[in-house]
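Source file run-v8.csv; content: CSV, C-alpha atoms.
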chain,number,residue,atom,x,y,z
A,769,MET,CA,-30.9,-4.9,21.6
A,770,THR,CA,-28.0,-6.1,23.7
A,771,LYS,CA,-25.0,-3.9,24.7
A,772,ALA,CA,-22.8,-5.8,22.2
A,773,ASP,CA,-25.3,-5.0,19.4
A,774,ALA,CA,-25.4,-1.4,20.5
A,775,ARG,CA,-21.6,-1.2,20.3
A,776,ALA,CA,-21.6,-2.9,16.9
A,777,VAL,CA,-24.1,-0.3,15.6
A,778,LYS,CA,-22.0,2.5,17.2
A,779,LYS,CA,-18.8,1.1,15.6
A,780,ASP,CA,-20.5,0.8,12.2
A,781,SER,CA,-21.9,4.4,12.5
A,782,LEU,CA,-18.3,5.7,13.1
A,783,ALA,CA,-17.1,3.8,10.0
A,784,GLU,CA,-20.1,4.9,7.9
A,785,GLU,CA,-19.5,8.5,8.9
A,786,PHE,CA,-15.9,8.1,8.0
A,787,PHE,CA,-16.8,6.7,4.5
A,788,ARG,CA,-19.2,9.7,4.0
A,789,TYR,CA,-16.3,12.0,4.9
A,790,LEU,CA,-14.0,10.3,2.4
A,791,ALA,CA,-16.5,10.3,-0.4
A,792,ILE,CA,-17.8,13.9,0.1
A,793,GLU,CA,-15.1,16.0,1.6
A,794,ARG,CA,-12.0,14.2,0.3
A,795,ASN,CA,-13.5,13.1,-3.0
A,796,ALA,CA,-12.1,9.6,-2.6
A,797,SER,CA,-12.5,7.2,-5.5
A,798,ALA,CA,-14.7,4.2,-5.4
A,799,ARG,CA,-11.7,1.9,-5.3
A,800,THR,CA,-10.3,3.8,-2.3
A,801,LEU,CA,-13.6,3.5,-0.5
A,802,LYS,CA,-13.8,-0.2,-1.2
A,803,ALA,CA,-10.2,-0.8,-0.1
A,804,TYR,CA,-10.6,1.2,3.1
A,805,ARG,CA,-14.0,-0.5,3.9
A,806,HIS,CA,-12.3,-3.9,3.5
A,807,ALA,CA,-9.4,-2.8,5.8
A,808,LEU,CA,-11.7,-1.6,8.5
A,809,GLU,CA,-14.0,-4.6,8.3
A,810,ALA,CA,-11.1,-7.0,8.4
A,811,PHE,CA,-9.5,-5.4,11.4
A,812,SER,CA,-12.9,-5.1,13.2
A,813,ALA,CA,-13.7,-8.8,12.5
A,814,GLU,CA,-10.3,-9.9,13.9
A,815,SER,CA,-10.1,-7.6,16.8
A,816,LYS,CA,-13.7,-7.5,18.0
A,817,THR,CA,-12.8,-4.5,20.1
A,818,PRO,CA,-14.7,-1.1,20.0
A,819,TRP,CA,-12.8,1.6,18.1
A,820,LYS,CA,-12.4,3.7,21.2
A,821,ARG,CA,-10.9,0.9,23.3
A,822,CYS,CA,-8.4,-0.2,20.6
A,823,THR,CA,-4.8,0.1,21.7
A,824,ALA,CA,-1.5,-0.1,19.8
A,825,GLU,CA,-1.3,-3.7,21.0
A,826,HIS,CA,-4.5,-4.6,19.1
A,827,PHE,CA,-3.0,-3.1,15.9
A,828,ARG,CA,0.4,-4.8,16.6
A,829,ASP,CA,-1.3,-8.2,16.9
A,830,TYR,CA,-3.2,-7.5,13.7
A,831,LEU,CA,0.0,-6.5,11.9
A,832,PHE,CA,1.8,-9.7,13.1
A,833,GLY,CA,-1.2,-11.8,12.0
A,834,LEU,CA,-1.0,-10.2,8.5
A,835,MET,CA,2.7,-10.9,8.4
A,836,LYS,CA,2.3,-14.4,9.6
A,837,ARG,CA,-0.2,-15.1,6.7
A,838,ALA,CA,2.6,-13.9,4.4
A,839,GLN,CA,0.6,-10.9,3.1
A,840,ALA,CA,2.6,-8.6,0.7
A,841,ARG,CA,4.1,-5.6,2.4
A,842,THR,CA,2.1,-3.3,0.0
A,843,TYR,CA,-1.1,-4.9,1.2
A,844,VAL,CA,-0.1,-4.5,4.9
A,845,ARG,CA,0.7,-0.8,4.3
A,846,LEU,CA,-2.6,-0.3,2.5
A,847,GLN,CA,-4.5,-1.8,5.4
A,848,PHE,CA,-2.7,0.5,7.9
A,849,SER,CA,-3.1,3.5,5.7
A,850,ALA,CA,-6.8,3.0,5.9
A,851,LEU,CA,-6.6,2.5,9.7
A,852,ARG,CA,-4.4,5.5,10.2
A,853,THR,CA,-6.7,7.7,8.1
A,854,PHE,CA,-9.7,6.4,10.0
A,855,TYR,CA,-8.1,7.2,13.4
A,856,GLY,CA,-7.0,10.6,12.1
A,857,PHE,CA,-10.6,11.3,11.4
A,858,LEU,CA,-11.7,10.0,14.8
A,859,VAL,CA,-9.2,12.2,16.6
A,860,ALA,CA,-10.0,15.3,14.6
A,861,ARG,CA,-13.8,14.9,14.3
A,862,LYS,CA,-14.9,12.7,17.1
A,863,LYS,CA,-12.5,14.0,19.7
A,864,PHE,CA,-10.8,10.6,20.4
A,865,PRO,CA,-8.0,11.2,22.8
A,866,ARG,CA,-5.3,9.5,20.8
A,867,ASP,CA,-4.4,7.6,17.7
A,868,PRO,CA,-3.0,4.2,18.6
A,869,VAL,CA,-2.1,3.4,15.0
A,870,ARG,CA,0.6,6.1,15.0
A,871,GLU,CA,2.5,4.2,17.6
A,872,LEU,CA,3.3,1.4,15.2
A,873,GLN,CA,6.3,1.0,12.9
A,874,LEU,CA,5.2,-0.7,9.7
A,875,PRO,CA,7.5,-2.9,7.6
A,876,LYS,CA,9.4,-1.0,4.9
A,877,LEU,CA,8.7,-1.8,1.3
A,878,GLU,CA,11.1,-4.1,-0.4
A,879,LYS,CA,13.6,-2.3,-2.6
A,880,LYS,CA,14.2,-4.0,-5.8
A,881,LEU,CA,17.6,-4.0,-7.4
A,882,PRO,CA,17.9,-2.4,-10.8
A,883,LEU,CA,18.1,-4.6,-13.9
A,884,VAL,CA,21.6,-4.7,-15.2
A,885,LEU,CA,22.2,-5.5,-18.9
A,886,THR,CA,25.0,-7.9,-19.9
A,887,ARG,CA,27.7,-6.8,-22.4
A,888,PRO,CA,26.1,-8.8,-25.3
A,889,GLN,CA,22.7,-7.2,-24.5
A,890,ILE,CA,24.3,-3.7,-24.6
A,891,GLU,CA,26.1,-4.5,-27.9
A,892,GLU,CA,22.8,-5.8,-29.3
A,893,LEU,CA,21.1,-2.5,-28.4
A,894,ARG,CA,23.9,-0.4,-30.0
A,895,ARG,CA,23.7,-2.4,-33.2
A,896,PRO,CA,21.7,-0.8,-36.0
A,897,ARG,CA,18.6,-2.8,-37.0
A,898,GLY,CA,18.8,-4.4,-40.3
A,899,CYS,CA,22.4,-3.5,-41.0
A,900,PRO,CA,24.0,-6.2,-43.2
A,901,CYS,CA,27.4,-5.7,-41.6
A,902,ALA,CA,25.9,-6.3,-38.1
A,903,THR,CA,27.4,-9.7,-37.7
A,904,SER,CA,30.9,-9.1,-39.1
A,905,ARG,CA,32.2,-6.3,-36.9
A,906,SER,CA,33.0,-5.8,-33.3
A,907,TRP,CA,30.6,-3.1,-32.0
A,908,ASN,CA,32.9,-1.7,-29.4
A,909,SER,CA,34.7,0.4,-32.0
A,910,PHE,CA,31.9,0.7,-34.5
A,911,THR,CA,30.6,4.2,-35.6
A,912,ALA,CA,27.7,5.1,-37.9
A,913,ALA,CA,30.2,6.2,-40.5
A,914,ASP,CA,31.6,2.7,-40.7
A,915,CYS,CA,28.3,1.3,-42.0
A,916,ALA,CA,27.1,2.0,-45.6
A,917,TRP,CA,23.5,1.0,-44.5
A,918,PRO,CA,21.2,4.1,-44.7
A,919,ASN,CA,20.3,5.5,-41.3

Serialized structure, structure tokens:
Amino acid sequence: MTKADARAVKKDSLAEEFFRYLAIERNASARTLKAYRHALEAFSAESKTPWKRCTAEHFRDYLFGLMKRAQARTYVRLQFSALRTFYGFLVARKKFPRDPVRELQLPKLEKKLPLVLTRPQIEELRRPRGCPCATSRSWNSFTAADCAWPN
């Protein structure tokens, strides 16, 4: 076994211990375990650096790579949530000296504007369903008492 193989086994053993921790102690769902495993494997495949030697620069490069590939911000945040949780585990349980993922600022989620109804849409919503007088009146001044249709 070469030194590189030994490092790979060590890296995998840290990840496997982390997944056992998630499954047993944190009662993580199967989907969470799958997503976190994918995130750690994707970073590991791209970085090829042992977990203990990773710096904020490695994670920054990975973040820029994800953004360059036009990945959704929610996907990027999920990837880094997994990495942040993993490094939190390593710092707490494996006595890693620091958590380089905490040094990064992630892209904020996009805020979507609320859907605004047009005046005709609002009038349509106010109009009673099936009312025979629905087409003959202006609904701005209409009240339920104005309609003979049973409510």

Of the listed residues A:Ala838, A:Cys822, A:Ala783, A:Val844, that which approaches Asp867 in chain A most closely, counting only C-alpha atoms: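 With only C-alpha atoms as the atom set, the closest residue is A:Cys822.
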
Students should find that CA of Pro868 in chain A and CA of Ala807 in chain A are spaced 15.9 Å

| task | Would you please work out which residue, of A:Ala850, A:Val884, A:Leu872, A:His826, is nearest to Ala796 in chain A when using only C-alpha atoms? | result |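 Comparing A:Ala850, A:Val884, A:Leu872, A:His826 against Ala796 in chain A, the winner is A:Ala850.
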
Q.
Residues proximal to (-11.7, 8.6, 1.2) were defined as those with any atom within 10 Å of that point in the file's coordinates, counting only C-alpha atoms. Which are they, as a ChimeraX atom specification?
A. /A:786-805,850,853-854

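Between CA of Ala813 in chain A and CA of Leu831 in chain A there is a distance of 13.9 Å.
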
Can you pull out the residues contacting Leu834 in chain A? Cut-off 12 Å, using all atoms listed in the file, and skip same-chain residues under 2 positions away; I want them as number ranges by chain.
A: 807, 810-811, 814, 827-832, 836-848, 874-875

| request: Work out how far CA of Glu871 in chain A is from CA of Glu785 in chain A, in Å to one decimal. | output: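 Atom-to-atom, CA of Glu785 in chain A to CA of Glu871 in chain A, that is 24.0 Å.
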